[in-house]
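Below: one structure, written as structure tokens.
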Amino acid sequence: MLRSLDFMSKTSGRLFVISGPSGVGKGTVILRLLDLVPDLAISVSATTRPPRELEIEGRHYHFLTDEQFNQMVERDEFSEWCWVHSKRYGTPRYEIEPRIENGHHVLVEIDVQGAEKLRKEYPDLLSIFIAPPSEEVLLDRLSNRKTEPKDVIDSRLSHARHELSQKHLYTHVVVNDTLDDCVQEVNALICNFITEGES
Ligand code: 5GP
């Protein structure tokens, strides 16, 4: 179902998608943005994978059973959902649509396949890809995580390579060379997009 944010008006909030390969530092960038941009909320995804140590229900993810996830799919309660590493992940509509309608801005951190689906669902969103200064250094860093088994590293590497190959699909690509500069650049893009929507 296409919801081209036609429920949006001049008083509505705006939708932002941020993607980037694992290890690029997008989590840190997003935390800083939450402090800088007024009225910006982060969308919490749902997943069928079990929680990891220190992960909190409702903060890191909404952890669902297969049955609960199925029910949400049947009721069209996801803006998008995908299989990742044989588990399902999805963006619940309730994380986005009521907030936008109420004038709040929403940031979704999602992988490239999820971003592609969200773009189709909400063509008016702004998408930003956070890229590493050097792809070689990032891939090298990911392959040297000694705490992880080889198959996990291999899968992470091929996922990162795929993500990097899709960056041209985004409205903006911002290189995270210096954290402060990257945060400032993304903040400016977001604030401009919000201001354009109000004019
Ligand atoms: P993790 O299990 O390591 O937290 O996440 C695994 C992958 O799932 C990451 O690539 C992450 O971007 C992706 N992911 C997290 N939430 C969502 C979501 O709501 N939708 C989609 N399509 N992917 C997601």
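All residue names refer to the structure tokens as shown: chains lettered A, B, ... in order, residues numbered from 1 in each chain, ligands numbered from 1 in order.
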
Name the residues in contact with Leu33 in chain A at a cut-off of 9 Å, using only C-alpha atoms, excluding same-chain residues fewer than 6 positions from it; report them as a PyMOL selection string.
-> chain A and resi 40+183-184+186-187

How would the residues just picked look written out with N, CA, C and O atoms as a PDB file, in the first residue's frame?
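Just written: part.pdb:
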```pdb
ATOM      1  N   LEU A  40      12.868  15.405  17.244  1.00  0.00           N
ATOM      2  CA  LEU A  40      13.272  14.262  16.414  1.00  0.00           C
ATOM      3  C   LEU A  40      13.209  12.996  17.268  1.00  0.00           C
ATOM      4  O   LEU A  40      13.805  12.936  18.334  1.00  0.00           O
ATOM      5  N   VAL A 183      28.546  14.977  11.834  1.00  0.00           N
ATOM      6  CA  VAL A 183      27.317  15.308  12.570  1.00  0.00           C
ATOM      7  C   VAL A 183      26.784  16.660  12.095  1.00  0.00           C
ATOM      8  O   VAL A 183      25.584  16.818  11.838  1.00  0.00           O
ATOM      9  N   GLN A 184      27.699  17.604  11.932  1.00  0.00           N
ATOM     10  CA  GLN A 184      27.286  18.954  11.515  1.00  0.00           C
ATOM     11  C   GLN A 184      26.640  18.917  10.125  1.00  0.00           C
ATOM     12  O   GLN A 184      25.618  19.566   9.892  1.00  0.00           O
ATOM     13  N   VAL A 186      25.196  16.319   8.558  1.00  0.00           N
ATOM     14  CA  VAL A 186      23.893  15.626   8.567  1.00  0.00           C
ATOM     15  C   VAL A 186      22.847  16.515   9.240  1.00  0.00           C
ATOM     16  O   VAL A 186      21.711  16.624   8.765  1.00  0.00           O
ATOM     17  N   ASN A 187      23.237  17.174  10.316  1.00  0.00           N
ATOM     18  CA  ASN A 187      22.331  18.075  11.027  1.00  0.00           C
ATOM     19  C   ASN A 187      21.835  19.185  10.084  1.00  0.00           C
ATOM     20  O   ASN A 187      20.630  19.491  10.044  1.00  0.00           O
TER      21      ASN A 187
END
```

Just the helix (DSSP H, G or I) stuff from range 5-43 of chain A, please, per backbone DSSP, written as a ChimeraX atom specification.
-> /A:26-36

Contacts to ligand 1 at 10 Å cut-off (only C-alpha atoms and all ligand atoms) as an NGL selection string | :A and (18-22 or 43-52 or 55 or 60-62 or 78-85 or 87-92 or 108-118 or 156 or 159-160 or 163)

Looking only at strand (DSSP E) from DSSP on the backbone, list the matching residues of chain A as a PyMOL selection string.
-> chain A and resi 15-19+40-42+46-47+62-63+78-84+87-92+105-109+126-131+172-175

Could you please take those selected residues and save N, CA, C and O atoms as a compact mmCIF listing (two decimals), in the first residue's frame?
```txt
# COMPACT_ATOMS: atom_id res chain seq x y z
N LEU A 15 10.21 12.73 7.58
CA LEU A 15 10.76 11.39 7.78
C LEU A 15 12.18 11.31 7.21
O LEU A 15 12.41 11.73 6.07
N PHE A 16 13.11 10.77 8.00
CA PHE A 16 14.51 10.64 7.60
C PHE A 16 14.95 9.19 7.71
O PHE A 16 14.61 8.51 8.67
N VAL A 17 15.74 8.76 6.73
CA VAL A 17 16.32 7.42 6.79
C VAL A 17 17.82 7.56 6.76
O VAL A 17 18.37 8.29 5.91
N ILE A 18 18.48 6.89 7.69
CA ILE A 18 19.95 6.87 7.69
C ILE A 18 20.42 5.44 7.56
O ILE A 18 19.97 4.55 8.30
N SER A 19 21.33 5.20 6.60
CA SER A 19 21.93 3.88 6.45
C SER A 19 23.44 4.04 6.38
O SER A 19 23.95 5.15 6.24
N LEU A 40 12.87 15.40 17.24
CA LEU A 40 13.27 14.26 16.41
C LEU A 40 13.21 13.00 17.27
O LEU A 40 13.80 12.94 18.33
N ALA A 41 12.44 12.01 16.78
CA ALA A 41 12.34 10.74 17.52
C ALA A 41 12.94 9.64 16.65
O ALA A 41 12.90 9.72 15.42
N ILE A 42 13.47 8.61 17.29
CA ILE A 42 14.02 7.51 16.53
C ILE A 42 13.00 6.37 16.50
O ILE A 42 12.33 6.10 17.51
N ALA A 46 10.95 -3.71 15.04
CA ALA A 46 10.55 -4.98 15.64
C ALA A 46 11.41 -6.08 15.03
O ALA A 46 11.84 -5.97 13.88
N THR A 47 11.69 -7.12 15.81
CA THR A 47 12.46 -8.23 15.27
C THR A 47 12.07 -9.55 15.93
O THR A 47 11.60 -9.56 17.07
N HIS A 62 11.65 -3.91 19.50
CA HIS A 62 10.48 -4.60 20.06
C HIS A 62 10.72 -6.07 19.71
O HIS A 62 10.72 -6.42 18.53
N PHE A 63 10.98 -6.89 20.72
CA PHE A 63 11.28 -8.30 20.46
C PHE A 63 9.97 -9.08 20.38
O PHE A 63 9.21 -9.12 21.35
N PHE A 78 3.19 -3.08 9.32
CA PHE A 78 4.58 -2.67 9.08
C PHE A 78 4.66 -1.73 7.90
O PHE A 78 4.02 -1.96 6.87
N SER A 79 5.49 -0.67 8.02
CA SER A 79 5.77 0.19 6.87
C SER A 79 6.64 -0.59 5.90
O SER A 79 6.59 -0.38 4.69
N GLU A 80 7.52 -1.43 6.43
CA GLU A 80 8.35 -2.35 5.64
C GLU A 80 8.83 -3.43 6.57
O GLU A 80 8.90 -3.22 7.78
N TRP A 81 9.15 -4.60 6.00
CA TRP A 81 9.85 -5.60 6.79
C TRP A 81 10.71 -6.45 5.88
O TRP A 81 10.46 -6.52 4.67
N CYS A 82 11.75 -7.07 6.44
CA CYS A 82 12.72 -7.83 5.64
C CYS A 82 13.25 -9.02 6.45
O CYS A 82 13.17 -9.02 7.67
N TRP A 83 13.77 -9.99 5.71
CA TRP A 83 14.55 -11.06 6.34
C TRP A 83 16.01 -10.61 6.38
O TRP A 83 16.53 -10.14 5.37
N VAL A 84 16.65 -10.73 7.51
CA VAL A 84 18.10 -10.47 7.62
C VAL A 84 18.68 -11.62 8.44
O VAL A 84 18.26 -11.84 9.58
N LYS A 87 16.33 -14.02 10.25
CA LYS A 87 15.35 -13.47 11.21
C LYS A 87 14.62 -12.32 10.52
O LYS A 87 15.12 -11.76 9.55
N ARG A 88 13.45 -12.00 11.03
CA ARG A 88 12.69 -10.90 10.42
C ARG A 88 12.84 -9.61 11.23
O ARG A 88 12.89 -9.64 12.46
N TYR A 89 12.90 -8.50 10.49
CA TYR A 89 13.01 -7.17 11.08
C TYR A 89 12.00 -6.28 10.37
O TYR A 89 11.84 -6.38 9.16
N GLY A 90 11.35 -5.40 11.11
CA GLY A 90 10.39 -4.53 10.45
C GLY A 90 10.22 -3.20 11.17
O GLY A 90 10.53 -3.07 12.36
N THR A 91 9.75 -2.21 10.40
CA THR A 91 9.46 -0.89 10.97
C THR A 91 7.96 -0.80 11.19
O THR A 91 7.20 -0.75 10.22
N PRO A 92 7.51 -0.79 12.44
CA PRO A 92 6.06 -0.70 12.68
C PRO A 92 5.52 0.67 12.23
O PRO A 92 6.17 1.69 12.46
N HIS A 105 9.26 14.79 13.99
CA HIS A 105 10.11 14.24 12.93
C HIS A 105 10.60 12.86 13.37
O HIS A 105 10.82 12.63 14.56
N VAL A 106 10.74 11.97 12.40
CA VAL A 106 11.13 10.59 12.74
C VAL A 106 12.36 10.18 11.94
O VAL A 106 12.44 10.42 10.73
N LEU A 107 13.30 9.58 12.65
CA LEU A 107 14.52 9.08 12.03
C LEU A 107 14.51 7.56 12.08
O LEU A 107 14.32 6.97 13.15
N VAL A 108 14.70 6.93 10.92
CA VAL A 108 14.74 5.46 10.87
C VAL A 108 16.16 5.06 10.48
O VAL A 108 16.67 5.51 9.45
N GLU A 109 16.79 4.24 11.31
CA GLU A 109 18.10 3.70 10.96
C GLU A 109 17.86 2.30 10.42
O GLU A 109 17.32 1.45 11.13
N LEU A 126 13.65 11.89 3.32
CA LEU A 126 15.03 12.27 2.98
C LEU A 126 15.95 11.13 3.42
O LEU A 126 15.90 10.71 4.58
N SER A 127 16.77 10.66 2.48
CA SER A 127 17.64 9.53 2.83
C SER A 127 19.10 9.95 2.81
O SER A 127 19.54 10.67 1.91
N ILE A 128 19.82 9.51 3.84
CA ILE A 128 21.23 9.88 3.99
C ILE A 128 22.06 8.62 4.22
O ILE A 128 21.70 7.79 5.07
N PHE A 129 23.11 8.48 3.45
CA PHE A 129 24.01 7.32 3.60
C PHE A 129 25.30 7.82 4.26
O PHE A 129 25.91 8.77 3.78
N ILE A 130 25.69 7.18 5.36
CA ILE A 130 26.96 7.54 6.02
C ILE A 130 28.03 6.59 5.48
O ILE A 130 27.94 5.36 5.63
N ALA A 131 29.03 7.17 4.84
CA ALA A 131 30.08 6.36 4.19
C ALA A 131 31.40 6.50 4.94
O ALA A 131 31.66 7.54 5.57
N HIS A 172 21.55 11.88 -0.15
CA HIS A 172 22.85 12.46 0.21
C HIS A 172 23.78 11.36 0.73
O HIS A 172 23.31 10.45 1.43
N VAL A 173 25.06 11.49 0.40
CA VAL A 173 26.09 10.62 0.98
C VAL A 173 27.01 11.53 1.80
O VAL A 173 27.52 12.52 1.28
N VAL A 174 27.16 11.20 3.09
CA VAL A 174 28.03 12.01 3.95
C VAL A 174 29.16 11.11 4.45
O VAL A 174 28.91 10.03 4.99
N VAL A 175 30.39 11.56 4.27
CA VAL A 175 31.55 10.76 4.69
C VAL A 175 31.85 11.04 6.16
O VAL A 175 31.93 12.20 6.58
```

Got a sec: who's within 12 Å of Pro98 in chain A, counting only C-alpha atoms, leaving out chain neighbours fewer than 2 positions off, as number ranges by chain?
-> A: 5, 7-8, 12-15, 41, 43, 92-96, 100-106

Could you save those same residues with C-alpha atoms as a compact mmCIF listing (two decimals), in the first residue's frame?
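And here is the file that came out, part.txt:
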```
# COMPACT_ATOMS: atom_id res chain seq x y z
CA LEU A 5 2.94 10.71 3.18
CA PHE A 7 -1.24 12.30 5.32
CA MET A 8 1.48 14.96 5.59
CA SER A 12 3.38 17.51 9.66
CA GLY A 13 6.75 16.17 10.68
CA ARG A 14 9.36 14.87 8.26
CA LEU A 15 10.76 11.39 7.78
CA ALA A 41 12.34 10.74 17.52
CA SER A 43 11.92 4.63 15.21
CA PRO A 92 6.06 -0.70 12.68
CA ARG A 93 3.75 1.93 11.18
CA TYR A 94 2.98 3.16 14.70
CA GLU A 95 6.62 4.27 15.06
CA ILE A 96 6.25 6.61 12.07
CA ILE A 100 4.49 12.52 11.58
CA GLU A 101 0.80 13.37 11.68
CA ASN A 102 1.34 15.05 15.05
CA GLY A 103 4.17 17.24 13.75
CA HIS A 104 7.15 15.28 15.08
CA HIS A 105 10.11 14.24 12.93
CA VAL A 106 11.13 10.59 12.74
```

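When CA of Glu196 in chain A is paired with CA of Leu179 in chain A, their separation reads 25.8 Å.
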